[in-house]
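The structure appears right after this line, and notes come after that.
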Amino acid sequence: MKEITDIKKLNEDLERRLEEHRQERIAQGKPAEKPEFIRIPYGVILLERIEPVKEFLVKYALLINQSKKIPAFDLSALDKYRPDLELLQAVKGVMTGASGALIRQMLEAIEKAQKKVAKGFEAEEEIAAELSKSLYLRLHLLDKRVRVSDEHYWINMDYNYYKDNPELDRDKSEYERLKANPDELEKGLAEYLAQFESRRDEF
């Protein structure tokens with residue numbers, strides 16, 4: 001029951017932070033919500049491409065639990081995945097973007113924990129316990145939300161998008177077509193990346 005309570009609190013905290021973030025964006029002269037212009041078939045493929053990051057986070061979390069320390073790891077090794085993680089912010093459909101956000105939050109949490117250990121202001125075991133809990137809860141949410149390219153993902157994970165949008169079959173077919181045509185996929189992603197860069201100040 002404590003796990004359920006913790007996850008419920010995390011969801012409530014995320015909602016609160018999202019609302020605060022919306023208000024901050026408005027105060028900065030930005031739209032309350034980030035623009036969404038990348039179609040979901042591309043979003044699903046982006047999630048597949050960052051799967052190694054998720055696998056790393058699972059292994060890292062296990063190492064923390066076993067050692068009660070912050071494992072030394074140069075996160076720059078994951079830099080090649082950062083453009084895809086950034087692009088997920090602009091994908092239509094709540095769950096696709098939320099999955100990318102959870103992964104970015106976990107990487108940020110690791111970076112902060114590593115800096116705390118380096119400064120030596122807190123006991124490493126306490127920092128590890130705090131980071132372990134943060135990673136565990138977010139990995140749990142991520143596991144519930146991401147079922148890439150299967151029926152559970154398409155129907156349940158972005159249900160709120162598709163329930164009023166008769167594009168499910170078309171998007172699934174588009175996903176398969178893009179997977180079978182890597183050159184077209186890369187061309188489309190390059191165009192989306194250029195659009196993202198031109199609108200970066202809206203994010």
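Chain labels run A, B, ... following the order of the structure tokens; each chain numbers its residues from 1, and ligands are numbered from 1 in the order shown.
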
Quick one: everything within 8 Å of stretch 36-53 of chain A, counting only C-alpha atoms, minus sequence neighbours fewer than 5 positions away in the same chain. Send it as a short mmCIF file (atom, residue, chain, number, x, y, z; two decimals) with N, CA, C and O atoms, in the first residue's frame.
data_model
loop_
_atom_site.label_atom_id
_atom_site.label_comp_id
_atom_site.auth_asym_id
_atom_site.auth_seq_id
_atom_site.Cartn_x
_atom_site.Cartn_y
_atom_site.Cartn_z
N LEU A 78 25.64 9.18 -23.04
CA LEU A 78 24.25 9.11 -23.51
C LEU A 78 23.86 10.31 -24.36
O LEU A 78 22.70 10.45 -24.75
N TYR A 81 21.60 10.26 -27.48
CA TYR A 81 20.16 10.07 -27.37
C TYR A 81 19.42 11.37 -27.02
O TYR A 81 18.19 11.41 -27.06
N ASP A 84 16.80 12.93 -29.51
CA ASP A 84 15.53 12.19 -29.53
C ASP A 84 14.71 12.49 -28.27
O ASP A 84 13.48 12.63 -28.35
N LEU A 85 15.37 12.58 -27.13
CA LEU A 85 14.67 12.91 -25.89
C LEU A 85 14.05 14.31 -25.97
O LEU A 85 12.94 14.53 -25.49
N LEU A 88 10.89 14.36 -28.20
CA LEU A 88 9.69 13.79 -27.59
C LEU A 88 8.82 14.85 -26.92
O LEU A 88 7.62 14.64 -26.73
N GLN A 89 9.40 16.00 -26.59
CA GLN A 89 8.61 17.08 -26.01
C GLN A 89 7.55 17.59 -26.98
O GLN A 89 6.54 18.15 -26.56
N ALA A 90 7.80 17.43 -28.29
CA ALA A 90 6.92 18.02 -29.30
C ALA A 90 6.00 16.99 -29.95
O ALA A 90 5.36 17.29 -30.95
N VAL A 91 5.92 15.78 -29.37
CA VAL A 91 5.08 14.74 -29.96
C VAL A 91 3.62 14.91 -29.52
O VAL A 91 3.34 15.20 -28.36
N LYS A 92 2.70 14.73 -30.46
CA LYS A 92 1.28 14.77 -30.14
C LYS A 92 0.94 13.59 -29.24
O LYS A 92 1.52 12.51 -29.37
N GLY A 93 -0.02 13.76 -28.35
CA GLY A 93 -0.39 12.66 -27.45
C GLY A 93 0.37 12.76 -26.15
O GLY A 93 1.58 12.84 -26.12
N THR A 96 3.20 9.80 -24.84
CA THR A 96 4.49 9.71 -25.52
C THR A 96 5.46 10.74 -24.96
O THR A 96 6.58 10.43 -24.59
N GLY A 97 5.00 11.98 -24.89
CA GLY A 97 5.85 13.04 -24.35
C GLY A 97 6.15 12.85 -22.89
O GLY A 97 7.26 13.13 -22.43
N GLY A 100 9.08 10.53 -22.33
CA GLY A 100 10.36 11.20 -22.53
C GLY A 100 10.70 12.10 -21.37
O GLY A 100 11.87 12.18 -20.95
N ILE A 103 12.15 10.18 -18.40
CA ILE A 103 13.55 9.79 -18.61
C ILE A 103 14.47 10.99 -18.43
O ILE A 103 15.52 10.89 -17.78
N VAL A 148 5.72 0.03 -26.10
CA VAL A 148 5.99 0.58 -27.42
C VAL A 148 5.51 -0.35 -28.54
O VAL A 148 5.80 -1.54 -28.54
N SER A 149 4.78 0.21 -29.47
CA SER A 149 4.35 -0.39 -30.74
C SER A 149 3.49 -1.63 -30.61
O SER A 149 3.44 -2.45 -31.50
N ASP A 171 -2.27 5.73 -38.20
CA ASP A 171 -1.01 5.95 -37.51
C ASP A 171 -0.21 4.66 -37.35
O ASP A 171 1.02 4.66 -37.46
N LYS A 172 -0.90 3.57 -37.08
CA LYS A 172 -0.20 2.29 -36.96
C LYS A 172 0.41 1.89 -38.30
O LYS A 172 1.53 1.38 -38.35
N GLU A 174 1.30 3.98 -40.67
CA GLU A 174 2.38 4.92 -40.90
C GLU A 174 3.64 4.51 -40.13
O GLU A 174 4.76 4.61 -40.64
N TYR A 175 3.43 4.03 -38.91
CA TYR A 175 4.55 3.55 -38.10
C TYR A 175 5.27 2.40 -38.83
O TYR A 175 6.50 2.39 -38.95
N LYS A 179 9.12 2.40 -40.38
CA LYS A 179 10.10 1.39 -39.94
C LYS A 179 10.72 0.68 -41.14
O LYS A 179 11.88 0.28 -41.11
N LEU A 185 12.33 7.93 -42.84
CA LEU A 185 12.23 8.20 -41.41
C LEU A 185 13.24 9.25 -40.99
O LEU A 185 12.90 10.23 -40.30
N LEU A 189 12.54 12.97 -39.46
CA LEU A 189 13.06 13.38 -38.15
C LEU A 189 13.96 14.60 -38.27
O LEU A 189 13.95 15.47 -37.39
N TYR A 192 11.71 17.54 -38.54
CA TYR A 192 11.13 17.85 -37.23
C TYR A 192 12.16 18.51 -36.32
O TYR A 192 11.83 19.43 -35.57
#

Completion exercise
A:Leu102 proximity check over A:Glu202, A:Glu125, A:Asp143, A:Glu176, using only C-alpha atoms: winner is A:Asp143

Exercise for the section: Would you mind listing what lies within 12 Å of stretch 57-63 of chain A as a ChimeraX atom specification, with only C-alpha atoms counted and same-chain residues fewer than 6 positions away left out? Expected result: /A:50-51,69-73,75,78,102-110,128-140,142-143

Just N, CA and C atoms for this one: save the residues we selected as a compact mmCIF listing (two decimals), in the first residue's frame.
# COMPACT_ATOMS: atom_id res chain seq x y z
N ILE A 50 15.28 5.36 -27.86
CA ILE A 50 15.89 5.70 -26.57
C ILE A 50 15.76 4.55 -25.57
N GLU A 51 15.35 3.39 -26.03
CA GLU A 51 15.23 2.24 -25.13
C GLU A 51 16.54 1.94 -24.40
N LYS A 69 25.52 3.46 -2.87
CA LYS A 69 26.38 4.55 -3.31
C LYS A 69 25.88 5.06 -4.66
N ILE A 70 26.43 6.21 -5.09
CA ILE A 70 26.10 6.77 -6.39
C ILE A 70 27.15 6.27 -7.39
N PRO A 71 26.80 5.33 -8.25
CA PRO A 71 27.79 4.80 -9.19
C PRO A 71 28.37 5.89 -10.08
N ALA A 72 29.67 5.88 -10.25
CA ALA A 72 30.32 6.85 -11.12
C ALA A 72 30.06 6.46 -12.57
N PHE A 73 29.45 7.36 -13.30
CA PHE A 73 29.17 7.10 -14.72
C PHE A 73 29.13 8.44 -15.44
N LEU A 75 27.68 10.60 -17.87
CA LEU A 75 26.43 10.63 -18.62
C LEU A 75 26.59 11.18 -20.03
N LEU A 78 25.64 9.18 -23.04
CA LEU A 78 24.25 9.11 -23.51
C LEU A 78 23.86 10.31 -24.36
N LEU A 102 9.84 11.74 -18.22
CA LEU A 102 10.27 10.93 -17.07
C LEU A 102 11.74 10.54 -17.20
N ILE A 103 12.15 10.18 -18.40
CA ILE A 103 13.55 9.79 -18.61
C ILE A 103 14.47 10.99 -18.43
N ARG A 104 14.08 12.14 -18.96
CA ARG A 104 14.91 13.34 -18.78
C ARG A 104 15.02 13.70 -17.30
N GLN A 105 13.92 13.57 -16.55
CA GLN A 105 13.93 13.87 -15.12
C GLN A 105 14.89 12.95 -14.38
N MET A 106 14.94 11.66 -14.77
CA MET A 106 15.82 10.72 -14.10
C MET A 106 17.29 11.04 -14.38
N LEU A 107 17.60 11.40 -15.61
CA LEU A 107 18.98 11.78 -15.93
C LEU A 107 19.39 13.03 -15.17
N GLU A 108 18.48 14.00 -15.06
CA GLU A 108 18.77 15.21 -14.29
C GLU A 108 18.99 14.88 -12.82
N ALA A 109 18.17 13.95 -12.28
CA ALA A 109 18.32 13.56 -10.88
C ALA A 109 19.67 12.91 -10.62
N ILE A 110 20.14 12.09 -11.56
CA ILE A 110 21.45 11.46 -11.42
C ILE A 110 22.55 12.50 -11.43
N ALA A 128 22.11 8.49 -2.00
CA ALA A 128 21.77 7.29 -2.77
C ALA A 128 20.34 6.84 -2.47
N ALA A 129 19.94 6.91 -1.21
CA ALA A 129 18.58 6.49 -0.83
C ALA A 129 17.54 7.40 -1.49
N GLU A 130 17.83 8.70 -1.49
CA GLU A 130 16.91 9.66 -2.10
C GLU A 130 16.81 9.44 -3.62
N LEU A 131 17.96 9.25 -4.27
CA LEU A 131 17.97 9.03 -5.71
C LEU A 131 17.31 7.70 -6.07
N SER A 132 17.57 6.68 -5.27
CA SER A 132 16.99 5.36 -5.53
C SER A 132 15.47 5.43 -5.53
N LYS A 133 14.91 6.14 -4.56
CA LYS A 133 13.45 6.28 -4.48
C LYS A 133 12.92 7.03 -5.69
N SER A 134 13.60 8.11 -6.06
CA SER A 134 13.18 8.91 -7.21
C SER A 134 13.19 8.10 -8.50
N LEU A 135 14.28 7.35 -8.71
CA LEU A 135 14.38 6.53 -9.92
C LEU A 135 13.34 5.42 -9.91
N TYR A 136 13.16 4.77 -8.77
CA TYR A 136 12.23 3.65 -8.69
C TYR A 136 10.81 4.09 -9.05
N LEU A 137 10.36 5.20 -8.47
CA LEU A 137 8.99 5.66 -8.72
C LEU A 137 8.80 6.04 -10.19
N ARG A 138 9.79 6.71 -10.76
CA ARG A 138 9.67 7.12 -12.15
C ARG A 138 9.78 5.93 -13.11
N LEU A 139 10.62 4.97 -12.79
CA LEU A 139 10.69 3.76 -13.62
C LEU A 139 9.39 2.99 -13.56
N HIS A 140 8.76 2.99 -12.38
CA HIS A 140 7.46 2.32 -12.25
C HIS A 140 6.42 3.00 -13.13
N LEU A 142 7.04 4.84 -15.74
CA LEU A 142 7.45 4.64 -17.13
C LEU A 142 7.03 3.27 -17.62
N ASP A 143 7.19 2.27 -16.79
CA ASP A 143 6.83 0.91 -17.17
C ASP A 143 5.33 0.79 -17.40

Problem - Nearest-residue call for A:Ala101, choices A:Phe196, A:Ala118, A:Glu124, A:Leu18, using only C-alpha atoms - result: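 Among A:Phe196, A:Ala118, A:Glu124, A:Leu18, it is A:Leu18 that comes nearest to A:Ala101.
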
Exercise for the section: For A:Pro31, work out the shell of residues within 12 Å, counting only C-alpha atoms and skipping chain neighbours fewer than 2 positions away, then give it as a VMD selection string. Expected result: chain A and resid 21 to 29 33 to 36 199 201 to 203

Keeping only N, CA and C atoms, write those residues as a PDB file, in the first residue's frame.
ATOM      1  N   HIS A  21       4.360  24.980 -13.853  1.00  0.00           N
ATOM      2  CA  HIS A  21       5.141  25.201 -15.068  1.00  0.00           C
ATOM      3  C   HIS A  21       4.319  25.964 -16.104  1.00  0.00           C
ATOM      4  N   ARG A  22       3.030  25.624 -16.221  1.00  0.00           N
ATOM      5  CA  ARG A  22       2.155  26.336 -17.158  1.00  0.00           C
ATOM      6  C   ARG A  22       2.094  27.813 -16.807  1.00  0.00           C
ATOM      7  N   GLN A  23       1.926  28.102 -15.513  1.00  0.00           N
ATOM      8  CA  GLN A  23       1.829  29.487 -15.077  1.00  0.00           C
ATOM      9  C   GLN A  23       3.152  30.229 -15.311  1.00  0.00           C
ATOM     10  N   GLU A  24       4.273  29.536 -15.087  1.00  0.00           N
ATOM     11  CA  GLU A  24       5.585  30.149 -15.346  1.00  0.00           C
ATOM     12  C   GLU A  24       5.743  30.466 -16.828  1.00  0.00           C
ATOM     13  N   ARG A  25       5.291  29.545 -17.685  1.00  0.00           N
ATOM     14  CA  ARG A  25       5.386  29.755 -19.130  1.00  0.00           C
ATOM     15  C   ARG A  25       4.569  30.970 -19.551  1.00  0.00           C
ATOM     16  N   ILE A  26       3.373  31.089 -19.008  1.00  0.00           N
ATOM     17  CA  ILE A  26       2.516  32.234 -19.341  1.00  0.00           C
ATOM     18  C   ILE A  26       3.189  33.531 -18.906  1.00  0.00           C
ATOM     19  N   ALA A  27       3.778  33.495 -17.697  1.00  0.00           N
ATOM     20  CA  ALA A  27       4.457  34.698 -17.184  1.00  0.00           C
ATOM     21  C   ALA A  27       5.648  35.081 -18.059  1.00  0.00           C
ATOM     22  N   GLN A  28       6.239  34.100 -18.735  1.00  0.00           N
ATOM     23  CA  GLN A  28       7.390  34.356 -19.606  1.00  0.00           C
ATOM     24  C   GLN A  28       6.983  34.733 -21.028  1.00  0.00           C
ATOM     25  N   GLY A  29       5.660  34.816 -21.242  1.00  0.00           N
ATOM     26  CA  GLY A  29       5.170  35.161 -22.570  1.00  0.00           C
ATOM     27  C   GLY A  29       5.108  33.993 -23.527  1.00  0.00           C
ATOM     28  N   GLU A  33       1.069  25.590 -22.860  1.00  0.00           N
ATOM     29  CA  GLU A  33       1.512  24.235 -23.188  1.00  0.00           C
ATOM     30  C   GLU A  33       2.589  24.291 -24.274  1.00  0.00           C
ATOM     31  N   LYS A  34       3.509  23.371 -24.194  1.00  0.00           N
ATOM     32  CA  LYS A  34       4.519  23.275 -25.249  1.00  0.00           C
ATOM     33  C   LYS A  34       3.836  22.890 -26.568  1.00  0.00           C
ATOM     34  N   PRO A  35       4.334  23.390 -27.690  1.00  0.00           N
ATOM     35  CA  PRO A  35       3.730  23.030 -28.978  1.00  0.00           C
ATOM     36  C   PRO A  35       3.920  21.546 -29.280  1.00  0.00           C
ATOM     37  N   GLU A  36       2.921  20.950 -29.892  1.00  0.00           N
ATOM     38  CA  GLU A  36       2.978  19.536 -30.278  1.00  0.00           C
ATOM     39  C   GLU A  36       2.765  19.446 -31.779  1.00  0.00           C
ATOM     40  N   ARG A 199      11.817  26.655 -33.083  1.00  0.00           N
ATOM     41  CA  ARG A 199      10.791  27.018 -32.101  1.00  0.00           C
ATOM     42  C   ARG A 199      11.251  26.720 -30.670  1.00  0.00           C
ATOM     43  N   ASP A 201      12.525  28.387 -28.408  1.00  0.00           N
ATOM     44  CA  ASP A 201      12.152  29.359 -27.363  1.00  0.00           C
ATOM     45  C   ASP A 201      10.722  29.164 -26.881  1.00  0.00           C
ATOM     46  N   GLU A 202       9.930  28.362 -27.573  1.00  0.00           N
ATOM     47  CA  GLU A 202       8.565  28.059 -27.137  1.00  0.00           C
ATOM     48  C   GLU A 202       8.532  26.908 -26.143  1.00  0.00           C
ATOM     49  N   PHE A 203       9.673  26.244 -25.986  1.00  0.00           N
ATOM     50  CA  PHE A 203       9.751  25.108 -25.077  1.00  0.00           C
ATOM     51  C   PHE A 203      10.382  25.525 -23.749  1.00  0.00           C
TER      52      PHE A 203
END

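When atom CA of A:Lys187 is paired with atom CA of A:Ser99, their separation reads 23.6 Å.
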